[in-house]
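What follows is the content of target.cif (mmCIF, C-alpha atoms).
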data_target
loop_
_atom_site.label_atom_id
_atom_site.label_comp_id
_atom_site.auth_asym_id
_atom_site.auth_seq_id
_atom_site.Cartn_x
_atom_site.Cartn_y
_atom_site.Cartn_z
CA MET A 1 -12.36 14.77 -22.74
CA ASP A 2 -12.92 18.15 -24.28
CA ASN A 3 -10.46 18.95 -27.05
CA ASN A 4 -9.64 22.24 -25.37
CA THR A 5 -8.37 20.54 -22.23
CA GLN A 6 -4.94 21.88 -21.36
CA GLY A 7 -1.84 20.16 -20.00
CA ASN A 8 0.61 17.64 -21.25
CA ALA A 9 1.24 14.09 -20.16
CA ILE A 10 3.81 11.47 -21.04
CA GLU A 11 3.85 7.87 -22.12
CA LEU A 12 4.45 5.44 -19.30
CA HIS A 13 6.70 2.40 -19.23
CA GLY A 14 6.45 -0.14 -16.45
CA ASP A 15 4.14 -0.36 -13.51
CA GLU A 16 5.78 2.13 -11.21
CA GLU A 17 7.88 4.44 -13.39
CA ILE A 18 7.54 7.39 -15.74
CA VAL A 19 9.96 8.43 -18.45
CA GLU A 20 10.21 12.14 -17.78
CA VAL A 21 9.40 14.01 -14.59
CA ILE A 22 9.38 17.61 -13.56
CA ASP A 23 12.91 18.34 -12.38
CA LEU A 24 12.62 19.72 -8.88
CA ASN A 25 16.45 19.91 -8.72
CA GLU A 26 18.33 18.28 -5.89
CA MET A 27 18.19 21.34 -3.68
CA GLU A 28 15.77 22.93 -1.27
CA PRO A 29 12.54 23.26 -3.25
CA GLY A 30 11.29 26.67 -4.22
CA PRO A 31 9.51 28.41 -7.06
CA ASP A 32 12.73 28.53 -9.09
CA ASP A 33 13.38 24.82 -8.68
CA LEU A 34 10.70 23.80 -11.17
CA ALA A 35 11.82 22.25 -14.39
CA ASP A 36 11.72 23.95 -17.72
CA ASP A 37 13.28 21.05 -19.58
CA LEU A 38 10.36 18.77 -20.33
CA GLU A 39 11.36 16.93 -23.48
CA ASP A 40 9.27 15.36 -26.22
CA VAL A 41 6.05 15.19 -24.33
CA ASP A 42 3.09 13.44 -25.89
CA PHE A 43 -0.45 14.67 -25.49
CA GLU A 44 -2.64 12.18 -23.74
CA ASP A 45 -6.41 12.22 -23.54
CA ALA A 46 -7.51 11.53 -20.00
CA GLY A 47 -10.94 10.40 -21.19
CA ASN A 48 -14.39 11.55 -20.28
CA ALA A 49 -15.27 10.78 -16.70
CA ASP A 50 -18.68 9.35 -15.97
CA ASP A 51 -20.78 11.82 -14.08
CA ASP A 52 -21.01 11.04 -10.39
CA ASP A 53 -24.56 11.88 -9.46
CA GLU A 54 -24.46 10.37 -6.01
CA GLY A 55 -23.07 13.47 -4.29
CA TRP A 56 -22.93 13.51 -0.50
CA GLU A 57 -25.97 12.36 1.38
CA THR A 58 -26.76 14.33 4.49
CA GLU A 59 -29.02 13.62 7.43
CA ASP A 60 -32.16 15.59 8.11
CA GLU A 61 -31.35 19.08 9.27
CA MET A 62 -30.99 19.53 12.98
CA GLU A 63 -32.22 22.65 14.68
CA ALA A 64 -29.47 25.02 15.73
CA GLU A 65 -30.19 25.79 19.38
CA GLN A 66 -27.39 28.30 19.69
CA ASP A 67 -24.96 30.11 17.42
CA ASP A 68 -21.51 30.72 18.84
CA SER A 69 -20.09 31.94 15.52
CA GLU A 70 -18.80 35.44 14.81
CA LEU A 71 -19.70 35.37 11.13
CA THR A 72 -21.80 33.24 8.77
CA PHE A 73 -20.98 32.91 5.07
CA SER A 74 -24.18 31.95 3.24
CA LYS A 75 -23.51 32.43 -0.49
CA HIS A 76 -23.57 28.69 -1.21
CA THR A 77 -26.89 27.18 -2.28
CA GLY A 78 -25.93 23.59 -1.41
CA SER A 79 -23.90 21.73 1.20
CA VAL A 80 -20.41 23.15 1.77
CA PHE A 81 -17.91 20.31 1.50
CA CYS A 82 -14.46 21.87 1.90
CA VAL A 83 -12.72 24.88 3.37
CA SER A 84 -9.13 26.15 3.42
CA LEU A 85 -7.38 29.25 4.72
CA ASP A 86 -4.75 31.09 2.73
CA PRO A 87 -1.33 30.15 4.18
CA ALA A 88 0.30 33.56 3.72
CA THR A 89 -2.03 35.70 5.81
CA ASN A 90 -4.84 33.42 7.07
CA SER A 91 -7.18 36.28 6.14
CA MET A 92 -8.95 34.59 3.22
CA ALA A 93 -10.98 31.39 3.10
CA VAL A 94 -12.00 29.33 0.10
CA THR A 95 -15.06 27.08 0.30
CA GLY A 96 -16.41 24.58 -2.24
CA GLY A 97 -19.90 23.19 -2.38
CA GLU A 98 -22.69 21.11 -3.81
CA ASP A 99 -23.74 24.09 -5.94
CA ASP A 100 -20.75 23.40 -8.28
CA LYS A 101 -19.04 26.58 -7.08
CA ALA A 102 -16.20 27.77 -4.90
CA TYR A 103 -15.90 31.16 -3.25
CA VAL A 104 -12.83 33.00 -1.99
CA TRP A 105 -13.97 35.31 0.78
CA ARG A 106 -12.55 37.50 3.51
CA VAL A 107 -12.72 35.93 6.96
CA SER A 108 -13.11 39.26 8.76
CA ASP A 109 -16.34 40.35 7.05
CA GLY A 110 -17.40 37.58 4.64
CA GLU A 111 -16.94 39.71 1.52
CA VAL A 112 -16.62 37.63 -1.66
CA LEU A 113 -13.25 38.25 -3.32
CA LEU A 114 -13.58 35.66 -6.11
CA GLU A 115 -16.37 33.42 -7.39
CA CYS A 116 -15.05 30.22 -8.99
CA THR A 117 -17.56 28.95 -11.58
CA GLY A 118 -17.61 26.57 -14.54
CA HIS A 119 -17.53 23.30 -12.63
CA LYS A 120 -19.67 20.34 -13.70
CA ASP A 121 -20.25 18.78 -10.29
CA SER A 122 -19.90 19.40 -6.55
CA VAL A 123 -16.64 21.17 -5.67
CA THR A 124 -14.99 18.87 -3.12
CA CYS A 125 -11.44 20.29 -3.23
CA ALA A 126 -10.50 23.96 -2.86
CA LEU A 127 -7.15 25.18 -1.61
CA PHE A 128 -4.60 27.98 -1.85
CA SER A 129 -1.10 27.66 -3.27
CA HIS A 130 1.85 27.98 -0.88
CA ASP A 131 2.13 31.75 -1.39
CA SER A 132 -1.65 32.36 -1.50
CA SER A 133 -1.40 33.80 -5.01
CA MET A 134 -3.50 31.04 -6.58
CA VAL A 135 -6.49 28.89 -5.70
CA ALA A 136 -7.12 25.42 -7.09
CA THR A 137 -10.67 24.08 -7.22
CA GLY A 138 -11.66 20.53 -8.17
CA ASP A 139 -15.04 18.87 -8.59
CA MET A 140 -16.14 15.26 -8.24
CA SER A 141 -16.27 14.71 -12.00
CA GLY A 142 -12.58 15.62 -12.37
CA VAL A 143 -12.67 19.22 -13.61
CA ILE A 144 -9.76 21.11 -12.00
CA LYS A 145 -9.31 24.88 -12.30
CA VAL A 146 -6.66 27.27 -11.03
CA TRP A 147 -7.45 30.92 -10.37
CA LYS A 148 -5.18 33.91 -9.80
CA VAL A 149 -6.48 35.58 -6.67
CA ASP A 150 -5.41 39.19 -7.29
CA THR A 151 -6.70 39.39 -10.89
CA LYS A 152 -9.68 37.05 -10.26
CA GLU A 153 -8.89 35.20 -13.48
CA GLU A 154 -9.01 31.51 -14.33
CA ILE A 155 -5.46 30.81 -15.52
CA TRP A 156 -5.53 27.03 -16.08
CA SER A 157 -7.91 24.10 -16.28
CA PHE A 158 -7.71 20.37 -16.87
CA GLU A 159 -10.01 17.37 -16.72
CA VAL A 160 -9.10 14.01 -15.20
CA GLY A 161 -11.11 10.99 -14.08
CA ASP A 162 -13.21 11.17 -10.93
CA LEU A 163 -11.20 13.28 -8.50
CA GLU A 164 -10.21 11.90 -5.09
CA TRP A 165 -7.87 14.60 -3.76
CA LEU A 166 -5.94 17.74 -4.70
CA GLU A 167 -2.73 19.00 -3.12
CA TRP A 168 -0.38 21.93 -3.75
CA HIS A 169 3.39 21.54 -3.52
CA PRO A 170 4.53 23.16 -0.23
CA CYS A 171 6.85 25.72 -1.85
CA ALA A 172 6.45 25.75 -5.62
CA PRO A 173 3.64 26.33 -8.17
CA VAL A 174 3.09 22.61 -8.69
CA LEU A 175 -0.27 20.90 -8.24
CA LEU A 176 -0.91 17.19 -7.59
CA ALA A 177 -4.13 15.22 -7.87
CA GLY A 178 -5.21 11.65 -7.23
CA THR A 179 -7.95 10.01 -9.26
CA ASP A 180 -10.38 7.11 -9.22
CA ASP A 181 -8.30 5.17 -11.77
CA GLY A 182 -5.22 5.11 -9.53
CA ASN A 183 -3.24 7.80 -11.32
CA VAL A 184 -1.44 10.62 -9.54
CA TRP A 185 -1.05 13.70 -11.72
CA MET A 186 1.51 16.48 -11.30
CA TRP A 187 1.30 19.79 -13.16
CA LYS A 188 3.43 22.88 -13.30
CA ILE A 189 1.10 25.88 -13.06
CA PRO A 190 0.24 27.78 -15.21
CA SER A 191 2.22 26.20 -18.07
CA GLY A 192 0.38 22.88 -17.61
CA ASP A 193 3.50 20.73 -18.06
CA CYS A 194 2.28 17.40 -16.78
CA LYS A 195 3.52 14.06 -15.50
CA THR A 196 1.61 11.04 -14.22
CA PHE A 197 2.58 8.44 -11.64
CA GLN A 198 0.81 5.20 -12.42
CA SER A 199 0.11 2.27 -10.16
CA SER A 200 -2.37 -0.58 -9.90
CA ALA A 201 -5.81 0.23 -11.23
CA CYS A 202 -7.50 1.17 -7.96
CA GLN A 203 -8.36 4.54 -6.47
CA ALA A 204 -5.60 6.84 -5.24
CA THR A 205 -7.73 7.76 -2.23
CA SER A 206 -5.41 10.15 -0.36
CA GLY A 207 -2.12 11.92 -0.92
CA LYS A 208 0.33 14.31 0.70
CA VAL A 209 3.49 16.04 -0.52
CA LEU A 210 6.14 15.69 2.19
CA PRO A 211 7.73 18.86 3.65
CA ASP A 212 10.98 18.33 1.69
CA GLY A 213 9.01 18.89 -1.51
CA LYS A 214 10.78 15.96 -3.17
CA ARG A 215 8.48 13.09 -2.20
CA ALA A 216 4.77 12.40 -2.00
CA VAL A 217 2.97 9.71 -0.02
CA VAL A 218 -0.12 8.23 -1.64
CA GLY A 219 -2.64 5.77 -0.21
CA TYR A 220 -4.80 3.49 -2.35
CA GLU A 221 -8.12 1.68 -2.21
CA ASP A 222 -6.44 -1.73 -1.89
CA GLY A 223 -4.65 -0.68 1.32
CA THR A 224 -1.29 -0.07 -0.37
CA VAL A 225 0.85 2.98 0.46
CA ARG A 226 3.49 4.31 -1.95
CA VAL A 227 6.20 6.88 -1.34
CA TRP A 228 6.91 8.54 -4.69
CA ASP A 229 10.13 10.31 -5.62
CA LEU A 230 8.85 13.34 -7.54
CA LYS A 231 12.18 13.92 -9.28
CA GLN A 232 12.98 10.38 -10.36
CA GLY A 233 9.35 9.47 -10.89
CA ASN A 234 9.48 6.09 -9.20
CA ALA A 235 7.97 4.64 -6.03
CA VAL A 236 10.89 4.44 -3.61
CA HIS A 237 8.81 2.50 -1.08
CA VAL A 238 5.71 0.35 -1.52
CA ILE A 239 3.94 -0.83 1.63
CA LYS A 240 1.77 -3.76 0.54
CA GLY A 241 0.72 -7.27 1.52
CA ARG A 242 0.79 -8.02 5.23
CA ASP A 243 2.28 -4.61 6.04
CA ALA A 244 -0.45 -2.77 4.16
CA HIS A 245 -3.94 -1.92 5.36
CA GLN A 246 -6.67 -4.50 4.87
CA GLY A 247 -9.00 -1.91 3.38
CA ALA A 248 -9.05 1.40 1.53
CA LEU A 249 -7.04 4.30 2.93
CA THR A 250 -9.21 7.18 4.10
CA CYS A 251 -6.64 9.70 5.33
CA LEU A 252 -2.97 10.35 5.97
CA ALA A 253 -0.79 12.94 7.67
CA CYS A 254 2.92 13.53 8.19
CA ASN A 255 4.87 14.96 11.10
CA LYS A 256 6.60 18.31 10.85
CA ASP A 257 9.86 17.08 9.27
CA GLY A 258 8.21 14.43 7.09
CA SER A 259 10.11 11.56 8.68
CA LEU A 260 6.90 9.81 9.73
CA VAL A 261 3.55 9.32 8.05
CA LEU A 262 0.36 8.18 9.75
CA THR A 263 -2.24 6.44 7.58
CA GLY A 264 -5.87 5.67 8.43
CA SER A 265 -8.15 3.12 6.80
CA VAL A 266 -11.64 1.65 6.72
CA ASP A 267 -10.04 -1.41 8.36
CA GLY A 268 -10.12 0.46 11.69
CA CYS A 269 -6.35 0.76 11.98
CA ALA A 270 -3.77 3.50 11.65
CA LYS A 271 -0.19 2.71 10.66
CA LEU A 272 2.94 4.70 11.43
CA ILE A 273 5.42 4.56 8.55
CA ASN A 274 9.06 5.67 8.47
CA THR A 275 9.36 7.53 5.16
CA ALA A 276 13.13 6.97 4.92
CA THR A 277 12.93 3.17 5.21
CA GLY A 278 9.34 2.48 4.16
CA LYS A 279 8.91 0.34 7.28
CA VAL A 280 5.75 0.23 9.38
CA VAL A 281 6.97 1.20 12.86
CA GLY A 282 3.64 1.33 14.66
CA VAL A 283 0.04 0.13 14.42
CA PHE A 284 -2.85 1.72 16.32
CA SER A 285 -6.35 0.33 16.75
CA VAL A 286 -9.00 0.89 19.42
CA GLU A 287 -9.37 -2.36 21.33
CA ASP A 288 -13.05 -2.96 20.70
CA GLY A 289 -13.10 -1.59 17.17
CA LYS A 290 -15.72 -3.38 15.14
CA ALA A 291 -13.17 -3.91 12.40
CA LYS A 292 -11.32 -6.61 14.35
CA GLY A 293 -12.29 -9.99 13.00
CA SER A 294 -15.11 -8.55 10.94
CA PRO A 295 -15.05 -9.60 7.29
CA ASP A 296 -17.81 -7.14 6.44
CA LYS A 297 -16.30 -3.80 5.48
CA GLU A 298 -19.63 -2.11 6.15
CA GLU A 299 -19.30 -2.96 9.83
CA SER A 300 -15.76 -1.74 10.26
CA ASN A 301 -15.08 1.28 12.46
CA SER A 302 -13.32 3.40 9.89
CA VAL A 303 -10.51 5.83 10.78
CA GLU A 304 -11.72 9.12 9.26
CA SER A 305 -8.90 11.53 10.14
CA VAL A 306 -5.40 11.40 11.68
CA GLY A 307 -2.80 13.93 12.81
CA PHE A 308 0.45 14.56 14.68
CA CYS A 309 0.90 16.89 17.64
CA ASN A 310 3.79 19.29 16.93
CA ILE A 311 5.00 19.71 20.52
CA LEU A 312 4.51 16.24 22.07
CA PRO A 313 4.99 12.67 20.76
CA LEU A 314 1.25 12.25 20.35
CA VAL A 315 -1.01 11.26 17.48
CA ALA A 316 -4.79 11.53 17.21
CA LEU A 317 -7.16 9.16 15.42
CA ALA A 318 -10.78 10.08 14.68
CA TYR A 319 -13.22 7.21 14.18
CA LEU A 320 -16.55 6.86 12.43
CA ASP A 321 -18.16 5.68 15.69
CA GLY A 322 -17.29 9.01 17.38
CA THR A 323 -14.13 7.92 19.19
CA LEU A 324 -11.17 10.30 19.32
CA ALA A 325 -8.15 8.25 20.37
CA ILE A 326 -4.94 9.96 21.58
CA TYR A 327 -1.82 7.76 21.45
CA ASP A 328 1.77 8.22 22.55
CA PHE A 329 3.37 7.11 19.30
CA SER A 330 6.77 6.40 20.84
CA THR A 331 5.27 3.77 23.19
CA GLN A 332 2.07 3.08 21.18
CA VAL A 333 0.10 3.44 24.42
CA LEU A 334 -3.46 4.77 24.29
CA ARG A 335 -3.44 7.89 26.45
CA HIS A 336 -7.01 9.12 26.14
CA ARG A 337 -10.28 8.19 24.58
CA CYS A 338 -12.66 11.10 23.94
CA GLN A 339 -16.15 10.01 22.98
CA HIS A 340 -18.48 11.94 20.66
CA GLU A 341 -22.20 11.35 20.21
CA ALA A 342 -21.81 11.00 16.42
CA GLY A 343 -19.12 10.19 13.86
CA ILE A 344 -16.07 12.44 13.63
CA VAL A 345 -15.39 13.85 10.18
CA HIS A 346 -12.07 15.67 10.62
CA LEU A 347 -9.48 16.55 13.25
CA GLN A 348 -6.76 19.19 13.41
CA TRP A 349 -4.04 19.84 15.98
CA GLU A 350 -3.22 23.40 16.92
CA GLU A 351 0.12 24.56 15.53
CA SER A 352 1.91 25.02 18.82
CA SER A 353 -0.14 23.43 21.59
CA SER A 354 -1.50 20.09 22.75
CA VAL A 355 -5.08 21.02 21.81
CA VAL A 356 -6.75 18.95 19.09
CA SER A 357 -10.04 20.00 17.49
CA THR A 358 -12.74 17.81 15.95
CA CYS A 359 -15.80 18.39 13.80
CA CYS A 360 -18.66 15.99 14.06
CA LEU A 361 -21.83 14.81 12.34
CA ASP A 362 -23.78 16.32 15.25
CA GLY A 363 -22.89 19.81 14.01
CA ALA A 364 -20.47 20.77 16.79
CA LEU A 365 -16.83 21.84 16.78
CA ARG A 366 -14.95 20.65 19.88
CA LEU A 367 -11.51 21.40 21.31
CA TRP A 368 -9.80 18.72 23.42
CA ASP A 369 -6.75 18.92 25.67
CA ALA A 370 -4.60 15.95 24.67
CA ARG A 371 -2.65 16.11 27.96
CA SER A 372 -5.71 15.47 30.10
CA GLY A 373 -8.17 14.12 27.54
CA GLY A 374 -10.66 16.72 28.70
CA LEU A 375 -13.06 18.81 26.64
CA VAL A 376 -11.84 22.42 26.50
CA CYS A 377 -14.62 24.06 24.51
CA GLU A 378 -17.59 23.26 22.32
CA TYR A 379 -18.93 25.53 19.60
CA ARG A 380 -22.34 25.24 17.95
CA GLY A 381 -24.31 27.15 15.35
CA HIS A 382 -24.76 24.86 12.37
CA ALA A 383 -28.16 23.30 11.60
CA ALA A 384 -26.55 20.22 9.99
CA GLU A 385 -23.37 18.20 10.21
CA ILE A 386 -19.96 19.88 9.89
CA LEU A 387 -18.22 18.35 6.88
CA ASN A 388 -14.85 20.11 7.17
CA PHE A 389 -13.07 22.79 9.15
CA THR A 390 -9.71 24.50 9.48
CA ILE A 391 -7.96 26.50 12.20
CA ASN A 392 -5.60 29.43 11.68
CA ARG A 393 -1.93 29.40 12.79
CA GLU A 394 -2.60 31.34 15.98
CA ALA A 395 -5.47 28.99 16.86
CA SER A 396 -7.60 32.09 17.41
CA LEU A 397 -10.30 31.21 14.90
CA ALA A 398 -11.85 28.24 13.11
CA VAL A 399 -13.73 28.21 9.81
CA THR A 400 -16.29 25.43 9.34
CA ALA A 401 -18.14 24.02 6.33
CA SER A 402 -21.53 22.38 6.79
CA GLY A 403 -24.37 20.50 5.18
CA ASP A 404 -26.63 23.44 6.08
CA ASN A 405 -25.20 25.36 3.06
CA GLN A 406 -23.19 27.64 5.34
CA ALA A 407 -19.62 28.27 6.40
CA LYS A 408 -19.02 29.88 9.77
CA VAL A 409 -16.16 31.65 11.53
CA PHE A 410 -15.72 30.91 15.23
CA CYS A 411 -13.43 32.85 17.55
CA LEU A 412 -11.49 30.41 19.73
CA GLN A 413 -10.74 32.79 22.59
CA ARG A 414 -10.05 30.88 25.77
CA PRO A 415 -9.09 31.84 29.31
CA ASP A 416 -5.64 30.25 28.94
CA ARG A 417 -4.67 32.45 25.98
#

How does this structure look as structure tokens?
Amino acid sequence: MDNNTQGNAIELHGDEEIVEVIDLNEMEPGPDDLADDLEDVDFEDAGNADDDDEGWETEDEMEAEQDDSELTFSKHTGSVFCVSLDPATNSMAVTGGEDDKAYVWRVSDGEVLLECTGHKDSVTCALFSHDSSMVATGDMSGVIKVWKVDTKEEIWSFEVGDLEWLEWHPCAPVLLAGTDDGNVWMWKIPSGDCKTFQSSACQATSGKVLPDGKRAVVGYEDGTVRVWDLKQGNAVHVIKGRDAHQGALTCLACNKDGSLVLTGSVDGCAKLINTATGKVVGVFSVEDGKAKGSPDKEESNSVESVGFCNILPLVALAYLDGTLAIYDFSTQVLRHRCQHEAGIVHLQWEESSSVVSTCCLDGALRLWDARSGGLVCEYRGHAAEILNFTINREASLAVTASGDNQAKVFCLQRPDR
């Protein structure tokens, strides 16, 4: 790793514990709850990550027959892999792409507010801090940068192993990352005070800080799920063995109060976990999923995205074969099965309705009514697959990222609004 790399780490003792952790205080988390009392920290070299030249393979471009979008952002010169909206106002988007760049731009007119450069590989993670004052960008090789939005300055950078995911704390300037070597990193920004949560040497494939700000749930390549206590620095629950997934975790989501977590895996199953007890309280799998009884992981019908409905006891599972499955999680009954022509990449529930949206490898964004299982709307305009999307709080617009090098803004105006 470059000698100028910033951040501090600590020496680890034991498989699941760290000596010192950022003190989030035993109160409601907030910007003032971050610790200033890191003691005797050692500098640790995270090592030089091997370059990942594989990137993301995309299918041949499809011809866009129609364009339902209100605005097209076309500054990227490669596939656009990720998109996020700023949580404070929902007026700014940040997109990261194959061109080793991220852009912060205004959703209303597409004006570039900040160009994030200096990455070594495709930017696959880009997201705003809880108060929208900062943006974190991360590339596949493990270079992570934080930018101050109003001054357009890079205020912090660090280099880890190959990056799997990046996540801001929900109410404090603390950034977490999961890497290919199984480590979970936690930094205070911009000071760079750093702690690591170590586990078995397999990828930390997905992670989420729970709404209480005191715990994080992390899924691993071996199917294990750990609930980490960010204050104590230990794994309070480890879901492994028969209770764990039989393949790598691909995604996870929590409900609004953080009492339940839903995990998805390449094994074709989703598991509902009680975060207080660490017990698996539900298992969901489409009946004819190819994963059942198939020893070949390549043939499994992977769960690509999961999510909770905020107003009804429903969960949604998006599958690689194009199935969107809606379950009643209290009874574990399959309510609806919504079929797509191609694999689903991502799903998102609207904040305060029973509408769930999906983006697909066929280049379309679709809205589904989870009460009826019916298709509400379909939006097209991309000439390649949609790789990510996000919807604003009011569910009035969606921003998509695509393999056609473009991001688009769609107005989701419907008769029932």

Applied to this file, what does the PyMOL selection byres ((chain A and resi 67) around 8) return in terms of residues, put as number ranges by chain?
A: 64-66, 68-69, 379-382

Keeping only C-alpha atoms, write the selected residues to a file as a short mmCIF file (atom, residue, chain, number, x, y, z; two decimals), in the frame of the given file.
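Dumped to result_30.cif:
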data_model
loop_
_atom_site.label_atom_id
_atom_site.label_comp_id
_atom_site.auth_asym_id
_atom_site.auth_seq_id
_atom_site.Cartn_x
_atom_site.Cartn_y
_atom_site.Cartn_z
CA ALA A 64 -29.47 25.02 15.73
CA GLU A 65 -30.19 25.79 19.38
CA GLN A 66 -27.39 28.30 19.69
CA ASP A 68 -21.51 30.72 18.84
CA SER A 69 -20.09 31.94 15.52
CA TYR A 379 -18.93 25.53 19.60
CA ARG A 380 -22.34 25.24 17.95
CA GLY A 381 -24.31 27.15 15.35
CA HIS A 382 -24.76 24.86 12.37
#

From the list A:Ser91, A:Thr331, A:Ser200, A:Asn274, which residue is nearest Leu262 in chain A when using all atoms listed in the file?
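Residue with the minimum atom-to-atom distance to Leu262 in chain A: A:Asn274.
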
Counting all atoms listed in the file, the residue among A:Ile391, A:Cys338, A:Ile155, A:Leu312 that lies closest to Val376 in chain A is A:Cys338

Neighbours of Phe73 in chain A within 6 Å (only C-alpha atoms; same-chain residues fewer than 2 positions away dropped), as number ranges by chain?
A: 110, 406-408

Applied to this file, what does the PyMOL selection byres ((chain A and resi 343-349) around 9) return in terms of residues, put as a ChimeraX atom specification?
/A:304-310,316-324,340-342,350-362,386-391

Hits from the PyMOL selection byres ((chain A and resi 203) around 7), listed as number ranges by chain:
A: 179-182, 201-202, 204-205, 220-221

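Atom to atom, CA of Cys82 in chain A and CA of Gly97 in chain A stand 7.0 Å apart.
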
Determine, for each residue of range 123-188 of chain A having at least one atom at most 12 Å from an atom of range 247-260 of chain A, the closest pair of atoms and their separation in Å to one decimal, counting all atoms listed in the file; order by chain and ascending number, as CSV.
residue,atom,partner,partner_atom,distance
A:Glu164,CA,A:Thr250,CA,10.4
A:Trp165,CA,A:Cys251,CA,10.4
A:Pro170,CA,A:Gly258,CA,12.0

When you count all atoms listed in the file, which of these residues is closest to Ser108 in chain A: A:Gly241, A:Val333, A:Phe410, A:Gly78?
A:Phe410

Could you work out how far CA of Lys188 in chain A lies from CA of Pro173 in chain A, giving the answer in Å with one decimal?
6.2 Å

Polymer residues at most 10 Å from Asn392 in chain A, only C-alpha atoms, same-chain spacing of 3 or more positions, as a list in words:
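Skipping anything fewer than 3 positions along the chain leaves Ser84, Leu85, Asp86, Pro87, Thr89, Asn90, Ser91, Glu350, Glu351, Ala395, Ser396, Leu397, Ala398 and Val399 of chain A.
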